[in-house]
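K.L.:
My structure is in run.txt, and what it holds is compact mmCIF, C-alpha atoms and all ligand atoms:
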```
# COMPACT_ATOMS: atom_id res chain seq x y z
CA MET A 3 168.52 34.14 -55.14
CA ASP A 4 170.97 31.25 -55.66
CA GLN A 5 169.22 28.57 -53.69
CA LEU A 6 165.51 27.99 -53.08
CA HIS A 7 164.30 26.91 -49.64
CA LEU A 8 161.21 24.75 -49.72
CA GLY A 9 158.47 23.57 -47.39
CA ILE A 10 156.66 20.34 -48.26
CA ILE A 11 152.95 19.80 -47.52
CA GLY A 12 152.08 16.09 -47.52
CA VAL A 13 155.48 14.53 -46.87
CA SER A 14 154.95 10.84 -47.65
CA GLY A 15 153.49 9.21 -50.78
CA ARG A 16 153.96 11.72 -53.58
CA GLY A 17 155.75 13.95 -51.07
CA GLY A 18 158.72 11.68 -51.81
CA MET A 19 159.35 14.15 -54.66
CA ALA A 20 161.08 16.29 -52.03
CA ARG A 21 164.18 14.18 -52.51
CA HIS A 22 164.71 15.58 -56.03
CA TRP A 23 164.96 19.08 -54.56
CA GLN A 24 167.04 17.89 -51.64
CA ASP A 25 169.48 16.25 -54.09
CA ASN A 26 169.72 19.46 -56.13
CA PRO A 27 172.46 21.94 -55.12
CA ARG A 28 170.12 24.86 -55.98
CA ALA A 29 167.47 23.77 -53.44
CA GLU A 30 167.08 22.85 -49.83
CA VAL A 31 164.03 21.38 -48.13
CA VAL A 32 163.75 23.22 -44.83
CA ALA A 33 160.29 22.29 -43.54
CA GLY A 34 157.43 19.81 -43.76
CA MET A 35 153.76 19.84 -42.79
CA ASP A 36 151.48 16.80 -42.61
CA VAL A 37 148.52 15.51 -40.59
CA ASN A 38 150.48 12.35 -39.82
CA SER A 39 153.19 12.72 -37.14
CA ASP A 40 154.84 9.39 -38.02
CA ALA A 41 155.17 10.54 -41.62
CA LEU A 42 156.79 13.77 -40.40
CA ALA A 43 159.30 11.87 -38.25
CA ASP A 44 160.21 9.66 -41.20
CA PHE A 45 160.53 12.74 -43.48
CA GLN A 46 162.86 14.44 -41.02
CA GLU A 47 165.12 11.42 -41.06
CA ARG A 48 164.99 11.00 -44.86
CA MET A 49 165.88 14.62 -45.61
CA GLY A 50 169.07 14.31 -43.61
CA ASN A 51 169.14 17.97 -42.51
CA GLN A 52 166.54 17.80 -39.71
CA PRO A 53 163.98 20.13 -41.36
CA PHE A 54 161.37 21.87 -39.21
CA VAL A 55 158.18 19.77 -39.08
CA THR A 56 154.65 20.63 -38.01
CA THR A 57 151.02 19.55 -38.24
CA ASP A 58 149.97 23.23 -38.37
CA LEU A 59 149.76 24.92 -41.77
CA GLU A 60 150.19 28.41 -40.34
CA ALA A 61 153.37 27.38 -38.53
CA LEU A 62 154.84 26.34 -41.89
CA LEU A 63 153.63 29.39 -43.80
CA ASN A 64 154.77 31.86 -41.12
CA ARG A 65 158.39 30.82 -41.52
CA ASP A 66 160.57 33.30 -43.39
CA ASP A 67 162.99 30.57 -44.42
CA VAL A 68 160.22 28.85 -46.45
CA GLU A 69 160.31 30.62 -49.82
CA ALA A 70 158.36 28.05 -51.80
CA VAL A 71 155.87 25.34 -50.98
CA GLY A 72 155.31 21.96 -52.63
CA VAL A 73 151.71 20.74 -52.20
CA PHE A 74 151.73 16.93 -52.25
CA SER A 75 148.72 16.25 -50.02
CA PRO A 76 145.45 14.70 -51.32
CA ASP A 77 143.50 16.43 -54.09
CA PHE A 78 140.75 17.84 -51.85
CA THR A 79 143.37 19.91 -49.94
CA HIS A 80 145.06 21.55 -52.95
CA GLU A 81 142.79 24.58 -53.22
CA GLU A 82 143.05 25.53 -49.54
CA TYR A 83 146.80 24.97 -49.31
CA ALA A 84 147.78 26.55 -52.63
CA VAL A 85 145.70 29.68 -51.95
CA ALA A 86 147.03 30.01 -48.38
CA ALA A 87 150.64 29.58 -49.52
CA LEU A 88 150.30 32.16 -52.32
CA GLU A 89 148.62 34.60 -49.94
CA ALA A 90 151.52 34.06 -47.52
CA GLY A 91 153.90 35.14 -50.31
CA LYS A 92 155.30 31.71 -51.22
CA HIS A 93 155.97 30.29 -54.68
CA VAL A 94 153.92 27.12 -55.17
CA PHE A 95 154.42 23.77 -56.87
CA CYS A 96 150.98 22.11 -56.74
CA GLU A 97 150.44 18.49 -57.63
CA LYS A 98 147.76 17.62 -60.15
CA PRO A 99 144.83 18.02 -60.18
CA LEU A 100 145.15 21.72 -59.42
CA ALA A 101 141.85 21.50 -57.47
CA ILE A 102 138.79 19.26 -57.53
CA THR A 103 136.45 21.89 -59.00
CA THR A 104 136.80 24.40 -61.83
CA GLU A 105 135.85 27.20 -59.42
CA GLY A 106 138.59 26.01 -57.03
CA CYS A 107 141.14 26.24 -59.86
CA ASP A 108 139.98 29.75 -60.74
CA ARG A 109 140.35 30.74 -57.08
CA ILE A 110 143.95 29.49 -57.12
CA LEU A 111 144.65 31.38 -60.36
CA ARG A 112 143.27 34.60 -58.84
CA ALA A 113 145.45 34.15 -55.72
CA TRP A 114 148.42 33.49 -58.01
CA LYS A 115 147.85 36.67 -60.03
CA ALA A 116 147.38 38.76 -56.88
CA SER A 117 150.52 37.33 -55.23
CA GLY A 118 153.10 38.13 -57.89
CA LYS A 119 154.66 34.73 -57.04
CA ARG A 120 155.27 31.75 -59.34
CA LEU A 121 152.94 28.76 -59.62
CA MET A 122 153.40 25.46 -61.40
CA VAL A 123 151.34 22.28 -61.62
CA GLY A 124 152.69 18.71 -61.37
CA PHE A 125 152.13 17.65 -64.98
CA ASN A 126 155.17 15.39 -65.09
CA MET A 127 153.92 13.61 -68.23
CA ARG A 128 154.90 16.71 -70.20
CA TYR A 129 158.48 15.87 -69.22
CA MET A 130 158.44 12.17 -70.19
CA ASN A 131 160.61 11.31 -73.18
CA ILE A 132 157.92 9.30 -74.99
CA PHE A 133 155.44 12.17 -74.99
CA ARG A 134 158.09 14.74 -75.77
CA VAL A 135 158.87 12.76 -78.93
CA MET A 136 155.18 12.85 -79.89
CA LYS A 137 155.06 16.58 -79.22
CA GLU A 138 158.17 17.19 -81.35
CA VAL A 139 156.69 15.16 -84.22
CA ILE A 140 153.46 17.18 -84.14
CA ASP A 141 155.21 20.53 -83.75
CA SER A 142 157.49 19.70 -86.69
CA GLY A 143 154.41 19.63 -88.93
CA ALA A 144 154.97 15.97 -89.90
CA ILE A 145 151.30 15.06 -89.46
CA GLY A 146 149.92 18.39 -90.66
CA GLU A 147 147.25 20.21 -88.70
CA PRO A 148 145.83 18.11 -85.80
CA LYS A 149 142.16 17.30 -86.34
CA ALA A 150 141.40 14.17 -84.29
CA ALA A 151 142.78 12.66 -81.09
CA TRP A 152 142.20 9.82 -78.69
CA CYS A 153 143.52 8.56 -75.41
CA ARG A 154 142.79 5.09 -74.14
CA HIS A 155 143.99 4.71 -70.57
CA PHE A 156 144.08 1.13 -69.34
CA VAL A 157 144.63 1.60 -65.60
CA GLY A 158 145.92 -1.86 -64.78
CA HIS A 159 146.24 -1.30 -61.04
CA GLY A 160 143.13 0.81 -60.54
CA GLY A 161 142.17 -0.89 -57.30
CA TRP A 162 145.61 -0.49 -55.81
CA PHE A 163 145.93 3.16 -56.83
CA TYR A 164 142.41 4.52 -56.32
CA TYR A 165 139.96 2.36 -54.44
CA HIS A 166 141.64 1.65 -51.06
CA ASP A 167 141.53 5.22 -49.73
CA TRP A 168 140.24 8.82 -50.18
CA HIS A 169 140.51 8.63 -53.97
CA ALA A 170 137.35 6.49 -54.09
CA ARG A 171 135.03 9.21 -52.79
CA VAL A 172 133.59 12.21 -54.62
CA ASP A 173 134.64 14.52 -51.77
CA GLY A 174 138.22 13.23 -52.16
CA THR A 175 138.70 13.64 -55.91
CA ASN A 176 135.35 14.62 -57.44
CA SER A 177 135.99 12.11 -60.26
CA LEU A 178 138.84 10.03 -61.63
CA LEU A 179 138.30 11.92 -64.89
CA LEU A 180 140.14 14.79 -63.25
CA GLN A 181 142.26 12.73 -60.82
CA LYS A 182 143.90 10.19 -63.09
CA GLY A 183 142.44 11.94 -66.10
CA SER A 184 143.91 15.38 -65.52
CA HIS A 185 147.19 14.05 -66.97
CA ASP A 186 145.50 12.52 -70.02
CA LEU A 187 143.30 15.50 -70.74
CA ASP A 188 146.33 17.74 -70.38
CA MET A 189 148.28 15.57 -72.81
CA LEU A 190 145.47 15.85 -75.38
CA HIS A 191 145.54 19.62 -74.86
CA TRP A 192 149.33 19.89 -74.96
CA LEU A 193 149.87 17.59 -77.95
CA THR A 194 147.20 19.27 -80.09
CA GLY A 195 147.88 22.78 -78.79
CA SER A 196 144.15 23.24 -78.06
CA TYR A 197 141.94 23.27 -74.98
CA THR A 198 138.62 21.47 -74.65
CA GLN A 199 135.51 23.56 -75.31
CA ARG A 200 132.71 21.05 -74.69
CA VAL A 201 132.26 17.45 -73.68
CA ALA A 202 129.75 14.63 -73.25
CA ALA A 203 130.44 11.49 -71.21
CA PHE A 204 129.12 8.16 -69.97
CA GLY A 205 130.43 6.19 -67.02
CA SER A 206 129.62 4.06 -64.02
CA LEU A 207 131.06 1.96 -61.22
CA ASP A 208 131.23 -1.45 -62.85
CA PHE A 209 133.79 -3.37 -60.80
CA PHE A 210 134.77 -1.75 -57.49
CA GLY A 211 132.42 -0.76 -54.67
CA GLY A 212 129.75 -2.99 -53.18
CA GLY A 213 128.38 -4.00 -49.84
CA GLN A 214 131.44 -4.40 -47.61
CA PRO A 215 131.59 -2.27 -44.44
CA ASN A 216 133.40 1.05 -44.78
CA ASP A 217 135.76 0.25 -41.89
CA LEU A 218 136.90 -3.12 -43.30
CA THR A 219 140.61 -3.18 -44.13
CA CYS A 220 142.57 -5.79 -46.08
CA PRO A 221 144.64 -7.13 -43.13
CA GLU A 222 141.42 -7.67 -41.12
CA CYS A 223 139.48 -9.33 -43.94
CA GLU A 224 138.74 -13.05 -43.76
CA ARG A 225 138.85 -13.23 -47.59
CA ALA A 226 142.29 -11.61 -47.76
CA ARG A 227 144.04 -14.81 -48.83
CA ASP A 228 141.97 -15.13 -52.04
CA CYS A 229 141.37 -11.48 -52.90
CA PRO A 230 143.38 -10.18 -55.89
CA GLU A 231 142.93 -6.64 -54.51
CA TYR A 232 144.59 -7.48 -51.16
CA ILE A 233 147.14 -4.91 -50.06
CA GLU A 234 149.22 -4.13 -46.97
CA TRP A 235 149.84 -0.38 -46.97
CA PRO A 236 148.91 1.63 -43.86
CA ASP A 237 146.26 4.34 -44.59
CA HIS A 238 145.64 2.81 -48.05
CA GLU A 239 144.14 -0.60 -47.23
CA LYS A 240 140.38 -0.08 -46.98
CA CYS A 241 138.34 -2.70 -48.83
CA VAL A 242 137.86 -1.75 -52.50
CA PHE A 243 134.42 -3.39 -52.37
CA ARG A 244 133.15 -1.20 -49.48
CA GLN A 245 129.91 0.75 -49.51
CA GLU A 246 131.31 4.29 -49.67
CA VAL A 247 133.19 3.71 -52.94
CA GLU A 248 131.50 5.97 -55.48
CA VAL A 249 133.83 7.35 -58.19
CA GLU A 250 133.29 5.74 -61.59
CA ASP A 251 135.80 3.06 -62.65
CA ASN A 252 134.75 2.85 -66.31
CA GLN A 253 134.14 6.02 -68.30
CA VAL A 254 134.26 7.39 -71.78
CA MET A 255 134.17 11.00 -72.87
CA ILE A 256 133.98 12.80 -76.21
CA MET A 257 135.35 16.28 -76.58
CA GLU A 258 135.39 19.13 -79.02
CA LEU A 259 138.58 21.14 -78.73
CA GLU A 260 139.44 24.56 -80.07
CA ASN A 261 140.12 24.56 -83.81
CA GLY A 262 137.36 21.95 -84.25
CA ILE A 263 139.52 19.01 -83.08
CA LYS A 264 137.47 15.94 -82.15
CA ALA A 265 138.81 13.83 -79.29
CA SER A 266 137.80 10.82 -77.22
CA TYR A 267 139.00 9.55 -73.89
CA LEU A 268 138.49 6.10 -72.39
CA GLN A 269 139.55 5.42 -68.80
CA CYS A 270 139.03 1.95 -67.33
CA HIS A 271 140.34 0.80 -63.94
CA PHE A 272 140.04 -3.00 -64.09
CA THR A 273 142.15 -3.93 -67.11
CA PRO A 274 144.87 -6.60 -66.77
CA ASP A 275 147.62 -4.41 -68.19
CA TYR A 276 148.78 -0.82 -67.82
CA HIS A 277 148.94 1.37 -70.92
CA ARG A 278 148.31 4.98 -71.96
CA ASN A 279 147.76 4.92 -75.68
CA TYR A 280 147.46 8.22 -77.56
CA THR A 281 146.82 8.93 -81.22
CA ILE A 282 146.76 12.31 -82.88
CA ILE A 283 145.58 12.46 -86.51
CA GLY A 284 146.43 15.47 -88.61
CA THR A 285 145.75 16.55 -92.17
CA GLU A 286 149.02 14.90 -93.29
CA GLY A 287 149.41 11.88 -91.03
CA ARG A 288 149.05 10.14 -87.70
CA VAL A 289 151.25 9.67 -84.64
CA GLU A 290 150.69 6.97 -82.01
CA ASN A 291 152.55 5.67 -78.98
CA SER A 292 152.90 2.36 -77.22
CA GLU A 293 153.88 2.82 -73.59
CA PRO A 294 154.67 -0.87 -72.89
CA GLU A 295 156.93 -1.04 -75.96
CA MET A 296 158.26 2.53 -75.50
CA LYS A 297 157.69 3.26 -79.19
CA VAL A 298 156.22 6.10 -81.21
CA TRP A 299 155.05 5.54 -84.78
CA VAL A 300 154.50 8.20 -87.42
CA LYS A 301 152.55 7.44 -90.59
CA THR A 302 152.05 10.06 -93.27
CA ARG A 303 149.41 10.21 -95.99
CA ARG A 304 150.58 9.53 -99.49
CA SER A 305 148.57 8.29 -102.42
CA ARG A 306 145.59 5.98 -102.08
CA HIS A 307 147.73 3.13 -103.47
CA ASP A 308 149.91 2.75 -100.43
CA TRP A 309 147.25 2.97 -97.72
CA LYS A 310 148.71 -0.17 -96.13
CA ALA A 311 152.08 1.51 -95.69
CA LEU A 312 153.80 0.72 -92.42
CA ALA A 313 155.09 3.51 -90.27
CA ASP A 314 157.39 5.92 -92.06
CA ARG A 315 159.22 6.42 -88.84
CA THR A 316 159.46 4.45 -85.60
CA TYR A 317 161.07 5.95 -82.54
CA ASP A 318 162.47 3.65 -79.86
CA VAL A 319 162.31 5.87 -76.82
CA LYS A 320 164.55 5.40 -73.81
CA PRO A 321 163.22 6.48 -70.44
CA ALA A 322 165.53 8.69 -68.40
CA GLU A 323 166.71 7.88 -64.86
CA GLY A 324 164.34 8.74 -62.02
CA GLY A 325 160.66 8.40 -61.11
CA HIS A 326 157.93 8.37 -63.79
CA GLY A 327 160.29 7.62 -66.68
CA GLY A 328 162.77 10.25 -65.54
CA ALA A 329 160.16 13.03 -65.49
CA ASP A 330 160.22 13.72 -61.74
CA PRO A 331 163.77 15.12 -61.46
CA VAL A 332 163.20 17.17 -64.62
CA ILE A 333 159.95 18.76 -63.46
CA THR A 334 161.51 19.70 -60.11
CA GLN A 335 164.41 21.28 -62.01
CA ASP A 336 161.90 23.20 -64.17
CA PHE A 337 160.35 24.59 -60.99
CA LEU A 338 163.75 25.79 -59.79
CA ASP A 339 164.53 27.32 -63.20
CA MET A 340 161.17 29.11 -63.08
CA VAL A 341 161.60 30.58 -59.60
CA LEU A 342 165.35 31.22 -59.60
CA ASP A 343 165.92 32.16 -63.26
CA GLY A 344 162.52 33.45 -64.37
CA LYS A 345 162.09 30.74 -67.03
CA GLU A 346 158.58 29.91 -68.28
CA PRO A 347 157.62 26.41 -67.08
CA LEU A 348 156.25 23.67 -69.32
CA ALA A 349 153.52 22.79 -66.80
CA THR A 350 151.56 26.02 -66.58
CA PRO A 351 148.78 26.91 -64.12
CA VAL A 352 146.27 27.63 -66.90
CA ALA A 353 146.90 24.16 -68.35
CA GLY A 354 146.21 22.77 -64.86
CA ARG A 355 142.90 24.60 -64.73
CA MET A 356 141.83 23.60 -68.24
CA SER A 357 142.36 19.87 -67.67
CA VAL A 358 140.39 20.01 -64.41
CA ALA A 359 137.64 21.96 -66.16
CA ALA A 360 137.40 19.29 -68.87
CA GLY A 361 137.35 16.48 -66.26
CA CYS A 362 134.71 18.27 -64.15
CA ALA A 363 132.56 18.82 -67.22
CA GLY A 364 132.88 15.12 -68.09
CA ALA A 365 131.88 14.07 -64.56
CA GLN A 366 128.93 16.44 -64.66
CA SER A 367 127.82 15.11 -68.03
CA LEU A 368 128.00 11.43 -67.11
CA ARG A 369 126.23 12.01 -63.78
CA GLN A 370 123.42 13.89 -65.54
CA GLY A 371 122.76 11.37 -68.31
CA GLY A 372 125.40 12.21 -70.91
CA GLY A 373 124.36 15.62 -72.22
CA VAL A 374 126.78 18.17 -73.63
CA VAL A 375 128.52 20.39 -71.03
CA GLU A 376 130.40 23.53 -72.07
CA ILE A 377 133.70 24.46 -70.41
CA PRO A 378 133.33 27.72 -68.48
CA PRO A 379 135.75 30.47 -69.47
CA LEU A 380 138.60 31.32 -67.14
CA ALA A 381 137.33 33.45 -64.23
CA TRP A 382 140.34 35.27 -62.82
N1 LIG B 1 152.08 13.73 -60.86
C1 LIG B 1 152.06 12.46 -60.53
O1 LIG B 1 152.52 11.61 -61.26
C2 LIG B 1 151.45 12.05 -59.22
C3 LIG B 1 151.67 10.75 -58.75
C4 LIG B 1 151.09 10.39 -57.52
C5 LIG B 1 150.34 11.31 -56.82
N2 LIG B 1 150.15 12.56 -57.33
C6 LIG B 1 149.33 13.54 -56.58
O2 LIG B 1 149.91 13.73 -55.30
C7 LIG B 1 148.89 13.97 -54.35
C8 LIG B 1 149.08 13.04 -53.15
O3 LIG B 1 148.87 11.73 -53.57
P1 LIG B 1 149.34 10.50 -52.64
O4 LIG B 1 148.93 9.27 -53.33
O5 LIG B 1 150.77 10.68 -52.25
O6 LIG B 1 148.40 10.72 -51.36
P2 LIG B 1 148.58 10.15 -49.88
O7 LIG B 1 147.23 9.72 -49.41
O8 LIG B 1 149.68 9.13 -49.85
O9 LIG B 1 148.99 11.44 -49.04
C9 LIG B 1 150.21 12.12 -49.23
C10 LIG B 1 150.62 12.78 -47.91
O10 LIG B 1 149.66 13.77 -47.56
C11 LIG B 1 149.36 13.65 -46.16
N3 LIG B 1 148.04 14.21 -45.90
C12 LIG B 1 146.84 13.61 -45.94
N4 LIG B 1 145.86 14.48 -45.63
C13 LIG B 1 146.48 15.67 -45.41
C14 LIG B 1 146.01 16.97 -45.04
N5 LIG B 1 144.71 17.24 -44.88
N6 LIG B 1 146.93 17.95 -44.85
C15 LIG B 1 148.27 17.70 -45.02
N7 LIG B 1 148.76 16.49 -45.36
C16 LIG B 1 147.87 15.50 -45.55
C17 LIG B 1 149.46 12.16 -45.90
O11 LIG B 1 149.65 11.91 -44.52
C18 LIG B 1 150.67 11.81 -46.75
O12 LIG B 1 151.86 12.01 -46.03
C19 LIG B 1 147.57 13.79 -55.06
O13 LIG B 1 146.99 15.04 -55.35
C20 LIG B 1 147.92 13.06 -56.32
O14 LIG B 1 147.09 13.39 -57.42
C21 LIG B 1 150.71 12.95 -58.49
```
Using structure tokens, write down the structure that the file contains.
Ligand SMILES: NC(=O)c1ccc[n+]([C@@H]2O[C@H](COP(=O)([O-])OP(=O)(O)OC[C@H]3O[C@@H](n4cnc5c(N)ncnc54)[C@H](O)[C@@H]3O)[C@@H](O)[C@H]2O)c1

P.N.:
Amino acid sequence: MDQLHLGIIGVSGRGGMARHWQDNPRAEVVAGMDVNSDALADFQERMGNQPFVTTDLEALLNRDDVEAVGVFSPDFTHEEYAVAALEAGKHVFCEKPLAITTEGCDRILRAWKASGKRLMVGFNMRYMNIFRVMKEVIDSGAIGEPKAAWCRHFVGHGGWFYYHDWHARVDGTNSLLLQKGSHDLDMLHWLTGSYTQRVAAFGSLDFFGGGQPNDLTCPECERARDCPEYIEWPDHEKCVFRQEVEVEDNQVMIMELENGIKASYLQCHFTPDYHRNYTIIGTEGRVENSEPEMKVWVKTRRSRHDWKALADRTYDVKPAEGGHGGADPVITQDFLDMVLDGKEPLATPVAGRMSVAAGCAGAQSLRQGGGVVEIPPLAW
């Protein structure tokens, strides 16, 4: 196969990723499926080649010219669509989180194994230059054997991203620990080379949610002029202070990973700035990033006399061209290399399952008072 023909499920929003395949000579987007007919009409125009469009999943999956499917619809649809596409004999690129339950992920993995097709998850952070530098530092042995890790995620636009639409409900995402957090938990796994074994967590809804009616939207709101959360974005403009908002906006989780690594994860959605700050501490040193400054620092242990030593090495990292610091075109290329050339992808299905499992366990723990929850073994 020289060229891969793709169908896109969920054509607007994150479905904009389709353009990276359409721009690639080894791919062609031939079809789109969505519940929104206006979005389909816009997609048809954007793709430039008049792809087939439909609101019916079966109509997309029954097409022989669709060899692979990209699932870019909301989280709660991933399990149904990924399983159906694999059972229909299509290769699948599934956005993160792989599913909104651990059992849902295992179901996808079983369908994947039974299909003999290729499956990849949308962990584009694995392809971002700043985190690749951190990974190279750790893999080089510069900090020794990883033993401790943290991620502090300051989600500076939490209202904009997560509280105006389906993301804010448990039946939409389960929890932001596995929605937003599936990236962060995956990065902790990927950087340390270890999966989470058990967790405990605390969290609550401390800023968003409230007493506003569920059908109130920003353009209709009499307080729109003064509200810092005001937004004009069709389908994503419900009031962030409405009654149905339920997923926690402030949560902290501790984890024990394989090899005895201790990790912690803070995710807060009402900070003024945006920053994902990771530290991995090993037996020989420590690596840390600053996303706003695009820097990575490495400090190594020496004698007790120079404990104030500044970083031994500082990396000034340049983002590449393209969405998400250049990661989006690279991850779409990795998918093509996987399907067309048989290459192993960086963003593996098992990694997708393990980050969801850690996030689900965290959500379970914090909703049951903070007790320890073990990660269930893979069931495939
Ligand atoms: N990897 C990343 O960096 C990244 C970034 C953004 C979003 N995402 C993921 O992409 C997915 C979509 O997020 P979004 O913000 O674009 O969502 P969205 O609400 O904008 O929806 C995306 C598209 O899906 C369509 N859609 C909605 N319900 C559908 C259904 N039942 N069946 C088919 N299509 C449906 C919408 O009409 C829209 O065109 C999420 O799972 C999210 O986690 C990943």

K.L.:
Given 3 Å of margin on each side, can you work out the centre and size in Å (one decimal) of an axis-aligned box holding every listed atom of ligand LIG 1 (chain B), as JSON?

P.N.:
```
{"center_x": 148.6, "center_y": 13.5, "center_z": -52.9, "size_x": 13.8, "size_y": 14.8, "size_z": 22.7}
```

K.L.:
When you look at Ala353 of chain A with a cut-off of 10 Å (counting only C-alpha atoms), what residues show up, excluding the ones that are within fewer than 2 positions of it in the same chain? I need them as a list in words.

P.N.:
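Surrounding residues, per the criterion: Leu100, Met122, Val123, Phe125, Ser184, Leu187, Asp188, Met189, His191, Trp192, Tyr197, Leu348, Ala349, Thr350, Pro351, Arg355, Met356, Ser357, Val358 and Ala359 of chain A.
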
K.L.:
Restrict the selected residues to C-alpha atoms and save them as a short mmCIF file (atom, residue, chain, number, x, y, z; two decimals), keeping the file's coordinate frame.

P.N.:
```
data_model
loop_
_atom_site.label_atom_id
_atom_site.label_comp_id
_atom_site.auth_asym_id
_atom_site.auth_seq_id
_atom_site.Cartn_x
_atom_site.Cartn_y
_atom_site.Cartn_z
CA LEU A 100 145.15 21.72 -59.42
CA MET A 122 153.40 25.46 -61.40
CA VAL A 123 151.34 22.28 -61.62
CA PHE A 125 152.13 17.65 -64.98
CA SER A 184 143.91 15.38 -65.52
CA LEU A 187 143.30 15.50 -70.74
CA ASP A 188 146.33 17.74 -70.38
CA MET A 189 148.28 15.57 -72.81
CA HIS A 191 145.54 19.62 -74.86
CA TRP A 192 149.33 19.89 -74.96
CA TYR A 197 141.94 23.27 -74.98
CA LEU A 348 156.25 23.67 -69.32
CA ALA A 349 153.52 22.79 -66.80
CA THR A 350 151.56 26.02 -66.58
CA PRO A 351 148.78 26.91 -64.12
CA ARG A 355 142.90 24.60 -64.73
CA MET A 356 141.83 23.60 -68.24
CA SER A 357 142.36 19.87 -67.67
CA VAL A 358 140.39 20.01 -64.41
CA ALA A 359 137.64 21.96 -66.16
#
```

K.L.:
Please measure the separation of atom CA of Gly328 of chain A and atom CA of Gly50 of chain A, giving the value in Å to one decimal.

P.N.:
23.2 Å

K.L.:
Grab me every residue within 6 Å of ligand LIG 1 (chain B), counting only C-alpha atoms and all ligand atoms, and send it over as a PDB file with C-alpha atoms, keeping the file's coordinate frame.

P.N.:
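Contents of selection20.pdb, as written:
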```pdb
ATOM      1  CA  ILE A  11     152.950  19.800 -47.520  1.00  0.00           C
ATOM      2  CA  GLY A  12     152.080  16.090 -47.520  1.00  0.00           C
ATOM      3  CA  VAL A  13     155.480  14.530 -46.870  1.00  0.00           C
ATOM      4  CA  SER A  14     154.950  10.840 -47.650  1.00  0.00           C
ATOM      5  CA  GLY A  15     153.490   9.210 -50.780  1.00  0.00           C
ATOM      6  CA  ARG A  16     153.960  11.720 -53.580  1.00  0.00           C
ATOM      7  CA  ASP A  36     151.480  16.800 -42.610  1.00  0.00           C
ATOM      8  CA  VAL A  37     148.520  15.510 -40.590  1.00  0.00           C
ATOM      9  CA  ASN A  38     150.480  12.350 -39.820  1.00  0.00           C
ATOM     10  CA  ALA A  41     155.170  10.540 -41.620  1.00  0.00           C
ATOM     11  CA  PHE A  74     151.730  16.930 -52.250  1.00  0.00           C
ATOM     12  CA  SER A  75     148.720  16.250 -50.020  1.00  0.00           C
ATOM     13  CA  PRO A  76     145.450  14.700 -51.320  1.00  0.00           C
ATOM     14  CA  ASP A  77     143.500  16.430 -54.090  1.00  0.00           C
ATOM     15  CA  THR A  79     143.370  19.910 -49.940  1.00  0.00           C
ATOM     16  CA  GLU A  97     150.440  18.490 -57.630  1.00  0.00           C
ATOM     17  CA  LYS A  98     147.760  17.620 -60.150  1.00  0.00           C
ATOM     18  CA  PRO A  99     144.830  18.020 -60.180  1.00  0.00           C
ATOM     19  CA  GLY A 124     152.690  18.710 -61.370  1.00  0.00           C
ATOM     20  CA  PHE A 125     152.130  17.650 -64.980  1.00  0.00           C
ATOM     21  CA  ASN A 126     155.170  15.390 -65.090  1.00  0.00           C
ATOM     22  CA  GLN A 181     142.260  12.730 -60.820  1.00  0.00           C
TER      23      GLN A 181
END
```

K.L.:
What does the distance between atom CA of Cys107 of chain A and atom CA of Ala29 of chain A come to in Å, to one decimal place?

P.N.:
27.2 Å

K.L.:
Taking N, CA and C atoms as the atom set, what does segment 111-120 of chain A look like once completed, written as an mmCIF file, in the coordinates of the input?

P.N.:
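File produced: result-v7.cif:
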```
data_model
loop_
_atom_site.group_PDB
_atom_site.id
_atom_site.type_symbol
_atom_site.label_atom_id
_atom_site.label_comp_id
_atom_site.auth_asym_id
_atom_site.auth_seq_id
_atom_site.Cartn_x
_atom_site.Cartn_y
_atom_site.Cartn_z
ATOM 1 N N LEU A 111 144.058 30.485 -59.339
ATOM 2 C CA LEU A 111 144.650 31.380 -60.360
ATOM 3 C C LEU A 111 144.541 32.851 -59.931
ATOM 4 N N ARG A 112 143.419 33.209 -59.294
ATOM 5 C CA ARG A 112 143.270 34.600 -58.840
ATOM 6 C C ARG A 112 144.295 34.901 -57.730
ATOM 7 N N ALA A 113 144.467 33.950 -56.804
ATOM 8 C CA ALA A 113 145.450 34.150 -55.720
ATOM 9 C C ALA A 113 146.857 34.256 -56.310
ATOM 10 N N TRP A 114 147.109 33.470 -57.341
ATOM 11 C CA TRP A 114 148.420 33.490 -58.010
ATOM 12 C C TRP A 114 148.679 34.868 -58.625
ATOM 13 N N LYS A 115 147.697 35.362 -59.373
ATOM 14 C CA LYS A 115 147.850 36.670 -60.030
ATOM 15 C C LYS A 115 148.076 37.774 -58.994
ATOM 16 N N ALA A 116 147.288 37.705 -57.902
ATOM 17 C CA ALA A 116 147.380 38.760 -56.880
ATOM 18 C C ALA A 116 148.708 38.697 -56.135
ATOM 19 N N SER A 117 149.319 37.503 -56.070
ATOM 20 C CA SER A 117 150.520 37.330 -55.230
ATOM 21 C C SER A 117 151.804 37.836 -55.878
ATOM 22 N N GLY A 118 151.842 37.815 -57.211
ATOM 23 C CA GLY A 118 153.100 38.130 -57.890
ATOM 24 C C GLY A 118 154.137 37.030 -57.748
ATOM 25 N N LYS A 119 153.740 35.864 -57.215
ATOM 26 C CA LYS A 119 154.660 34.730 -57.040
ATOM 27 C C LYS A 119 154.511 33.759 -58.212
ATOM 28 N N ARG A 120 155.317 32.723 -58.248
ATOM 29 C CA ARG A 120 155.270 31.750 -59.340
ATOM 30 C C ARG A 120 154.497 30.505 -58.927
#
```
